[in-house]
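One structure is given below, encoded as structure tokens.
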Amino acid sequence: MAENKGFREILALAAMPVMLILVEIIAVILAVPMIQSGYAVFEDPSSLENPIWFIAMLLGFTLILLILLKYHMKRVLQALIWASLFLSFIYVFSGLLALAGADMTVVTAGGLIIAVGATILLIRFPEWYVVDVLGVLLSAGIASIFGISLEPVPVILLLILLAVYDAISVYRTKHMLTLAEGVIENRMPIMVVVPKREGYSFIRDGIGGNISGNETIPDTKKPHLDASEEKKERAAYLMGLGDLIMPAILVVSAAVFLPGSGIFGFSIPAVTTIAGSVCGMIVLLYFVSSGKPQAGLPPLNGGAIIGFLIGYLIFGI
């Protein structure tokens, strides 16, 4: 039993870098239809002001969520997150249909219809594999949109700022832990779920996992649990979508703005950025295994940036 348990633990940990790689590859594949559909967020992708606007929007959205949590406005919180997911799904599935060669009418109508179906599916049947598949697609779509909107230098600046913000919000102010705990308690599927044991059901068992990345919550944050429950092993790992999205933005940017021959059509800087982000994920998982809250973006973004610089400076374009 101990060997099976250890093997499943290894599989659960290995699933997270696999999902990261999937997000990055799909995001790059979606880049062309996203560009053709005019989904770029910023007019000037080289402007260093763009990361500042990105951070400002993130802080504003975070503040709104914290206020809703503080005043126990559960329905408003759920409505806001579901609306955000629905709008994101429209862009993602429209991009997928455009990639398949559909005409604009099919792309627009089909993207809307599939987005409605995906949102309803998440609400009515949020099993872990449904959450994971849609979470990977959603992360890839969002990363693709911002990757085509920002050149590598602004992206690097953005990732550095986000890594610093994530570290402060987890280790100093701890408001990210409060936000993550509130979102999780309200069962909002803005994460991926990796079961650690056979037979796990997200619907039946709820959220019973150690949380990785920038949404790590220590058991000590739950004073209502007794000592026996505190020591009970959790059944799944959870990882916020932001941990998948942010490194993938740099991968897409490297692929779009620094094109060239590489591996399977990916430019060398894009490939080394993927490799760097995976190394960052391995470092993150090592620290997460300690059971303490961890900021995910410092190792993930740091690994992606180092990988990009290796590909750009050493191997060339």
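Convention: chains lettered A, B, ... in structure tokens order; per-chain residue numbering from 1; ligands numbered from 1 as shown.
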Q: Using only C-alpha atoms, determine which residues lie at most 12 Å from Lys70 of chain A, disregarding the query and same-chain residues fewer than 2 positions distant; provide the list as a list in words.
A: Leu63, Ile64, Leu65, Leu66, Ile67, Leu68, His72, Met73, Lys74, Leu77, His175, Thr178, Leu179, Gly182 and Val183 of chain A
Q: Please provide as a PyMOL selection string all residues within 9 Å of segment 138-154 of chain A, with the sequence filter that same-chain residues fewer than 2 positions apart are discarded (counting only C-alpha atoms).
A: chain A and resi 22-32+34-35+39-51+85+88-89+91-93+95-96+133-136+156-159+241-242+244-258+308
Q: Just the strand (DSSP E) stuff from segment 66-284 of chain A, please, per backbone DSSP, written as a PyMOL selection string.
A: chain A and resi 191-195+209-212+236-240+262-263+266-267
Write out the residues from the selection above, keeping N, CA and C atoms, as an mmCIF file, in the first residue's frame.
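The file below, again.cif, is the result:
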```cif
data_model
loop_
_atom_site.group_PDB
_atom_site.id
_atom_site.type_symbol
_atom_site.label_atom_id
_atom_site.label_comp_id
_atom_site.auth_asym_id
_atom_site.auth_seq_id
_atom_site.Cartn_x
_atom_site.Cartn_y
_atom_site.Cartn_z
ATOM 1 N N MET A 191 -8.972 26.883 -10.935
ATOM 2 C CA MET A 191 -7.752 26.168 -10.603
ATOM 3 C C MET A 191 -7.800 24.824 -11.306
ATOM 4 N N VAL A 192 -6.720 24.081 -11.211
ATOM 5 C CA VAL A 192 -6.718 22.689 -11.663
ATOM 6 C C VAL A 192 -6.592 21.805 -10.434
ATOM 7 N N VAL A 193 -7.179 20.620 -10.517
ATOM 8 C CA VAL A 193 -7.233 19.700 -9.385
ATOM 9 C C VAL A 193 -6.552 18.396 -9.787
ATOM 10 N N VAL A 194 -5.587 17.959 -8.991
ATOM 11 C CA VAL A 194 -4.862 16.717 -9.280
ATOM 12 C C VAL A 194 -5.066 15.754 -8.112
ATOM 13 N N PRO A 195 -5.863 14.703 -8.294
ATOM 14 C CA PRO A 195 -6.107 13.740 -7.209
ATOM 15 C C PRO A 195 -4.833 13.023 -6.784
ATOM 16 N N GLY A 209 -7.285 19.058 -1.036
ATOM 17 C CA GLY A 209 -5.886 18.902 -1.434
ATOM 18 C C GLY A 209 -4.970 19.967 -0.914
ATOM 19 N N ASN A 210 -3.690 19.627 -0.820
ATOM 20 C CA ASN A 210 -2.687 20.644 -0.568
ATOM 21 C C ASN A 210 -2.662 21.572 -1.758
ATOM 22 N N ILE A 211 -2.619 22.836 -1.524
ATOM 23 C CA ILE A 211 -2.744 23.789 -2.603
ATOM 24 C C ILE A 211 -1.365 24.294 -2.993
ATOM 25 N N SER A 212 -1.045 24.156 -4.241
ATOM 26 C CA SER A 212 0.281 24.547 -4.692
ATOM 27 C C SER A 212 0.241 25.915 -5.324
ATOM 28 N N ALA A 236 -5.966 15.751 -2.683
ATOM 29 C CA ALA A 236 -5.652 16.287 -4.007
ATOM 30 C C ALA A 236 -4.755 17.505 -3.883
ATOM 31 N N TYR A 237 -4.019 17.770 -4.941
ATOM 32 C CA TYR A 237 -3.268 19.014 -5.063
ATOM 33 C C TYR A 237 -4.094 19.990 -5.882
ATOM 34 N N LEU A 238 -4.029 21.253 -5.525
ATOM 35 C CA LEU A 238 -4.711 22.301 -6.287
ATOM 36 C C LEU A 238 -3.688 23.329 -6.738
ATOM 37 N N MET A 239 -3.856 23.852 -7.947
ATOM 38 C CA MET A 239 -2.963 24.876 -8.466
ATOM 39 C C MET A 239 -3.775 25.939 -9.189
ATOM 40 N N GLY A 240 -3.565 27.187 -8.806
ATOM 41 C CA GLY A 240 -4.288 28.283 -9.431
ATOM 42 C C GLY A 240 -3.942 28.439 -10.908
ATOM 43 N N GLY A 262 13.392 26.115 -34.990
ATOM 44 C CA GLY A 262 13.652 25.569 -33.669
ATOM 45 C C GLY A 262 13.248 24.119 -33.608
ATOM 46 N N ILE A 263 12.408 23.783 -32.635
ATOM 47 C CA ILE A 263 11.942 22.414 -32.434
ATOM 48 C C ILE A 263 10.442 22.362 -32.667
ATOM 49 N N PHE A 266 8.655 25.610 -33.051
ATOM 50 C CA PHE A 266 8.798 26.578 -31.974
ATOM 51 C C PHE A 266 10.192 27.188 -32.043
ATOM 52 N N SER A 267 10.289 28.505 -31.903
ATOM 53 C CA SER A 267 11.593 29.144 -31.914
ATOM 54 C C SER A 267 12.402 28.694 -30.699
#
```
**Q.** Å distance separating atom CA of Gly311 of chain A from atom CA of Thr272 of chain A, one decimal place
**A.**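 Value for the atom CA of Gly311 of chain A-atom CA of Thr272 of chain A distance: 5.4 Å.
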Q | Contact residues around segment 282-286 of chain A with only C-alpha atoms at 10 Å, ignoring same-chain residues under 2 positions, as number ranges by chain | A | A: 13-14, 16-17, 212-214, 276-280, 288-291, 294-300, 303
Q: Could you tell me which of A:Val107, A:Met281, A:Ile306, A:Tyr312 comes closest to Pro269 of chain A if we count only C-alpha atoms?
A: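 Distance minimum relative to Pro269 of chain A lands on A:Tyr312.
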Q: Mind the document's chain letters and residue numbers, and return as a PyMOL selection string the residues of segment 73-266 of chain A that DSSP labels helix (DSSP H, G or I).
A: chain A and resi 74-99+104-124+128-147+152-172+175-185+202-205+213-215+219-221+227-231+241-257
Q: Have a look at atom CA of Thr108 of chain A and atom CA of Asp132 of chain A and let me know their distance in Å, one decimal.
A: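 Separation between atom CA of Thr108 of chain A and atom CA of Asp132 of chain A: 24.6 Å.
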**Q.** Atomic separation - atom CA of Pro33 of chain A relative to atom CA of Leu99 of chain A, Å
**A.**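 About the pair atom CA of Leu99 of chain A and atom CA of Pro33 of chain A: they are 5.6 Å apart.
Residue nearest Asp243 of chain A within the list A:Leu161, A:Ile190, A:Ala118, A:Leu313: A:Ile190 [criterion: smallest interatomic distance, only C-alpha atoms].
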